[in-house]
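To keep things clear, I will list the structure first and then write my remarks on it.
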Amino acid sequence: MQKWEYKDLDISSENGKSIVSGVDGSEVNNWRKGPHFTATLDQLGAEGWELVTSWSPLTSAGMSVGICGVWHLILKRPKA
């Protein structure tokens with residue numbers, strides 16, 4: 001049976017640039033200076049990671065926080 005490992009990314013937008021701000025529950029140091037998140041996804045794809053799902057949490061008012069630029073992505077790849 002195939003076994004999987006997972007990676008959890010937080011994507012934040014600031015000044016029109018979307019950047020990986022967290023990985024597996026930990027904040028990325030100096031994330032505001034990081035590359036656009038697509039560069040990170042390209043790198044992870046080359047390492048065998050595949051995007052499984054993405055979502056933006058809802059506020060208590062029911063409006064998407066994604067408008068403010070917060071997204072969560074889950075990736076997976078086969079375990080060695």
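Letters for chains follow the order of the structure tokens (A, B, ...), residue numbers begin at 1 for each chain, and ligand numbers begin at 1 in the order shown.
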Within 10 Å of range 5-9 of chain A: each range 33-52 of chain A residue with its shortest pair, only C-alpha atoms, as JSON lines:
{"residue": "A:Phe37", "atom": "CA", "partner": "A:Leu9", "partner_atom": "CA", "distance": 9.7}
{"residue": "A:Leu41", "atom": "CA", "partner": "A:Leu9", "partner_atom": "CA", "distance": 9.9}
{"residue": "A:Leu44", "atom": "CA", "partner": "A:Lys7", "partner_atom": "CA", "distance": 9.8}
{"residue": "A:Trp49", "atom": "CA", "partner": "A:Lys7", "partner_atom": "CA", "distance": 8.3}
{"residue": "A:Glu50", "atom": "CA", "partner": "A:Tyr6", "partner_atom": "CA", "distance": 9.4}
{"residue": "A:Leu51", "atom": "CA", "partner": "A:Lys7", "partner_atom": "CA", "distance": 9.3}
{"residue": "A:Val52", "atom": "CA", "partner": "A:Tyr6", "partner_atom": "CA", "distance": 9.3}
Find the residues near range 21-34 of chain A: any atom within 10 Å, counting only C-alpha atoms, skip ones fewer than 6 places away on the same chain, and give them as a list in words.
Tyr6, Lys7, Asp8, Leu9, Asp10, Ile11, Ser12, Ser13, Glu14, Asn15, Thr40, Val70, Trp71, His72, Leu73 and Ile74 of chain A
Can you spit out the residues from that selection as a CSV table (one decimal), in the first residue's frame, using all heavy atoms?
chain,number,residue,atom,x,y,z
A,6,TYR,N,3.2,14.6,4.0
A,6,TYR,CA,2.4,15.8,3.7
A,6,TYR,C,3.2,17.0,4.1
A,6,TYR,O,4.0,17.0,5.1
A,6,TYR,CB,1.1,15.8,4.4
A,6,TYR,CG,0.2,14.7,3.9
A,6,TYR,CD1,0.2,13.4,4.5
A,6,TYR,CD2,-0.7,14.9,2.8
A,6,TYR,CE1,-0.6,12.4,4.0
A,6,TYR,CE2,-1.5,13.9,2.3
A,6,TYR,CZ,-1.4,12.6,2.9
A,6,TYR,OH,-2.2,11.6,2.4
A,7,LYS,N,2.9,18.1,3.5
A,7,LYS,CA,3.5,19.4,3.8
A,7,LYS,C,2.4,20.5,3.8
A,7,LYS,O,1.5,20.5,2.9
A,7,LYS,CB,4.6,19.8,2.8
A,7,LYS,CG,5.4,21.1,3.1
A,7,LYS,CD,6.5,21.3,2.2
A,7,LYS,CE,7.7,20.3,2.4
A,7,LYS,NZ,8.4,20.4,3.7
A,8,ASP,N,2.4,21.3,4.8
A,8,ASP,CA,1.4,22.3,5.0
A,8,ASP,C,2.1,23.7,4.8
A,8,ASP,O,3.0,24.0,5.5
A,8,ASP,CB,0.8,22.2,6.4
A,8,ASP,CG,-0.2,23.3,6.8
A,8,ASP,OD1,-0.6,24.0,5.9
A,8,ASP,OD2,-0.4,23.4,8.0
A,9,LEU,N,1.6,24.5,3.8
A,9,LEU,CA,2.1,25.8,3.5
A,9,LEU,C,1.1,26.9,3.8
A,9,LEU,O,-0.1,26.7,3.5
A,9,LEU,CB,2.5,25.9,2.1
A,9,LEU,CG,3.5,25.0,1.5
A,9,LEU,CD1,3.8,25.3,0.0
A,9,LEU,CD2,4.8,25.1,2.3
A,10,ASP,N,1.5,28.0,4.4
A,10,ASP,CA,0.7,29.2,4.6
A,10,ASP,C,1.2,30.2,3.6
A,10,ASP,O,2.4,30.5,3.5
A,10,ASP,CB,0.9,29.7,6.0
A,10,ASP,CG,0.4,28.8,7.1
A,10,ASP,OD1,-0.6,28.0,6.8
A,10,ASP,OD2,0.9,28.8,8.2
A,11,ILE,N,0.3,30.8,2.8
A,11,ILE,CA,0.6,31.8,1.8
A,11,ILE,C,0.0,33.1,2.3
A,11,ILE,O,-1.2,33.1,2.6
A,11,ILE,CB,0.1,31.4,0.4
A,11,ILE,CG1,0.5,30.0,0.0
A,11,ILE,CG2,0.5,32.4,-0.6
A,11,ILE,CD1,1.9,29.8,-0.2
A,12,SER,N,0.8,34.1,2.4
A,12,SER,CA,0.3,35.5,2.8
A,12,SER,C,0.7,36.4,1.7
A,12,SER,O,1.7,36.3,1.0
A,12,SER,CB,1.0,35.9,4.1
A,12,SER,OG,0.7,35.0,5.1
A,13,SER,N,-0.2,37.4,1.5
A,13,SER,CA,0.0,38.5,0.5
A,13,SER,C,0.3,39.8,1.2
A,13,SER,O,-0.4,40.1,2.2
A,13,SER,CB,-1.2,38.6,-0.4
A,13,SER,OG,-1.4,37.5,-1.2
A,14,GLU,N,1.3,40.4,0.7
A,14,GLU,CA,1.6,41.7,1.2
A,14,GLU,C,2.2,42.6,0.1
A,14,GLU,O,3.1,42.1,-0.7
A,14,GLU,CB,2.7,41.6,2.3
A,14,GLU,CG,2.8,42.9,3.1
A,14,GLU,CD,3.6,42.6,4.4
A,14,GLU,OE1,3.0,42.2,5.4
A,14,GLU,OE2,4.9,42.8,4.3
A,15,ASN,N,1.6,43.8,-0.1
A,15,ASN,CA,2.1,44.7,-1.2
A,15,ASN,C,2.0,44.0,-2.5
A,15,ASN,O,2.9,44.2,-3.4
A,15,ASN,CB,3.5,45.2,-0.9
A,15,ASN,CG,3.6,46.0,0.4
A,15,ASN,OD1,2.7,46.7,0.7
A,15,ASN,ND2,4.7,45.8,1.1
A,40,THR,N,8.4,28.8,-5.0
A,40,THR,CA,8.5,27.7,-4.0
A,40,THR,C,7.8,26.5,-4.5
A,40,THR,O,8.3,25.4,-4.3
A,40,THR,CB,7.9,28.3,-2.7
A,40,THR,OG1,8.6,29.4,-2.3
A,40,THR,CG2,8.0,27.2,-1.6
A,70,VAL,N,-4.6,35.4,3.0
A,70,VAL,CA,-4.2,34.3,3.7
A,70,VAL,C,-4.7,33.0,3.1
A,70,VAL,O,-5.9,32.9,3.0
A,70,VAL,CB,-4.6,34.4,5.2
A,70,VAL,CG1,-4.2,33.1,6.0
A,70,VAL,CG2,-4.0,35.6,5.9
A,71,TRP,N,-3.8,32.1,2.7
A,71,TRP,CA,-4.2,30.8,2.1
A,71,TRP,C,-3.4,29.7,2.8
A,71,TRP,O,-2.3,29.9,3.2
A,71,TRP,CB,-4.0,30.8,0.6
A,71,TRP,CG,-5.1,31.6,-0.1
A,71,TRP,CD1,-5.1,32.9,-0.4
A,71,TRP,CD2,-6.3,31.0,-0.6
A,71,TRP,NE1,-6.2,33.2,-1.0
A,71,TRP,CE2,-7.0,32.1,-1.2
A,71,TRP,CE3,-6.8,29.8,-0.7
A,71,TRP,CZ2,-8.2,31.9,-1.8
A,71,TRP,CZ3,-8.1,29.6,-1.3
A,71,TRP,CH2,-8.7,30.7,-1.8
A,72,HIS,N,-4.0,28.5,2.8
A,72,HIS,CA,-3.3,27.3,3.3
A,72,HIS,C,-3.3,26.3,2.2
A,72,HIS,O,-4.3,26.1,1.5
A,72,HIS,CB,-4.0,26.7,4.5
A,72,HIS,CG,-4.1,27.7,5.7
A,72,HIS,ND1,-3.0,28.0,6.5
A,72,HIS,CD2,-5.1,28.4,6.1
A,72,HIS,CE1,-3.4,28.9,7.4
A,72,HIS,NE2,-4.7,29.2,7.2
A,73,LEU,N,-2.2,25.7,1.9
A,73,LEU,CA,-2.0,24.7,0.9
A,73,LEU,C,-1.5,23.4,1.5
A,73,LEU,O,-0.6,23.4,2.4
A,73,LEU,CB,-1.0,25.1,-0.2
A,73,LEU,CG,-1.4,26.2,-1.2
A,73,LEU,CD1,-1.8,27.5,-0.6
A,73,LEU,CD2,-0.3,26.4,-2.2
A,74,ILE,N,-2.0,22.3,1.1
A,74,ILE,CA,-1.6,21.0,1.5
A,74,ILE,C,-1.0,20.3,0.3
A,74,ILE,O,-1.6,20.2,-0.7
A,74,ILE,CB,-2.7,20.1,2.1
A,74,ILE,CG1,-3.4,20.8,3.3
A,74,ILE,CG2,-2.2,18.7,2.5
A,74,ILE,CD1,-2.5,21.0,4.5
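Residue nearest Thr53 in chain A within the list A:Lys3, A:Leu75, A:Thr38, A:Ala80: A:Leu75 [criterion: smallest interatomic distance, only C-alpha atoms].
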Based on the backbone DSSP call, show me all residues of chain A assigned strand (DSSP E or B), as a PyMOL selection string.
chain A and resi 4-14+17-23+26-27+36+50-55+58+64+70-78
Pull the alpha helix (DSSP H) assignments for chain A out of DSSP run on the backbone, and list those residues as JSON, numbers by chain.
{"A": [37, 38, 39, 40, 41, 42, 43, 44, 45, 46]}
Residue subset to file, keeping N, CA and C atoms, as a PDB file, in the first residue's frame:
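In the end it all went to selection.pdb:
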ATOM      1  N   PHE A  37       5.369  32.852  -4.173  1.00  0.00           N
ATOM      2  CA  PHE A  37       5.079  31.471  -3.777  1.00  0.00           C
ATOM      3  C   PHE A  37       5.153  30.495  -4.945  1.00  0.00           C
ATOM      4  N   THR A  38       4.958  30.958  -6.183  1.00  0.00           N
ATOM      5  CA  THR A  38       5.047  30.025  -7.314  1.00  0.00           C
ATOM      6  C   THR A  38       6.462  29.488  -7.488  1.00  0.00           C
ATOM      7  N   ALA A  39       7.471  30.267  -7.144  1.00  0.00           N
ATOM      8  CA  ALA A  39       8.852  29.771  -7.204  1.00  0.00           C
ATOM      9  C   ALA A  39       9.049  28.646  -6.194  1.00  0.00           C
ATOM     10  N   THR A  40       8.441  28.799  -5.023  1.00  0.00           N
ATOM     11  CA  THR A  40       8.512  27.744  -4.002  1.00  0.00           C
ATOM     12  C   THR A  40       7.777  26.500  -4.473  1.00  0.00           C
ATOM     13  N   LEU A  41       6.586  26.680  -5.090  1.00  0.00           N
ATOM     14  CA  LEU A  41       5.840  25.529  -5.603  1.00  0.00           C
ATOM     15  C   LEU A  41       6.611  24.825  -6.716  1.00  0.00           C
ATOM     16  N   ASP A  42       7.286  25.577  -7.583  1.00  0.00           N
ATOM     17  CA  ASP A  42       8.113  24.963  -8.633  1.00  0.00           C
ATOM     18  C   ASP A  42       9.201  24.089  -8.015  1.00  0.00           C
ATOM     19  N   GLN A  43       9.852  24.607  -6.976  1.00  0.00           N
ATOM     20  CA  GLN A  43      10.914  23.854  -6.300  1.00  0.00           C
ATOM     21  C   GLN A  43      10.347  22.593  -5.655  1.00  0.00           C
ATOM     22  N   LEU A  44       9.223  22.734  -4.955  1.00  0.00           N
ATOM     23  CA  LEU A  44       8.618  21.575  -4.300  1.00  0.00           C
ATOM     24  C   LEU A  44       8.139  20.544  -5.317  1.00  0.00           C
ATOM     25  N   GLY A  45       7.607  21.004  -6.449  1.00  0.00           N
ATOM     26  CA  GLY A  45       7.191  20.090  -7.511  1.00  0.00           C
ATOM     27  C   GLY A  45       8.362  19.287  -8.045  1.00  0.00           C
ATOM     28  N   ALA A  46       9.515  19.936  -8.175  1.00  0.00           N
ATOM     29  CA  ALA A  46      10.720  19.247  -8.638  1.00  0.00           C
ATOM     30  C   ALA A  46      11.180  18.193  -7.630  1.00  0.00           C
TER      31      ALA A  46
END
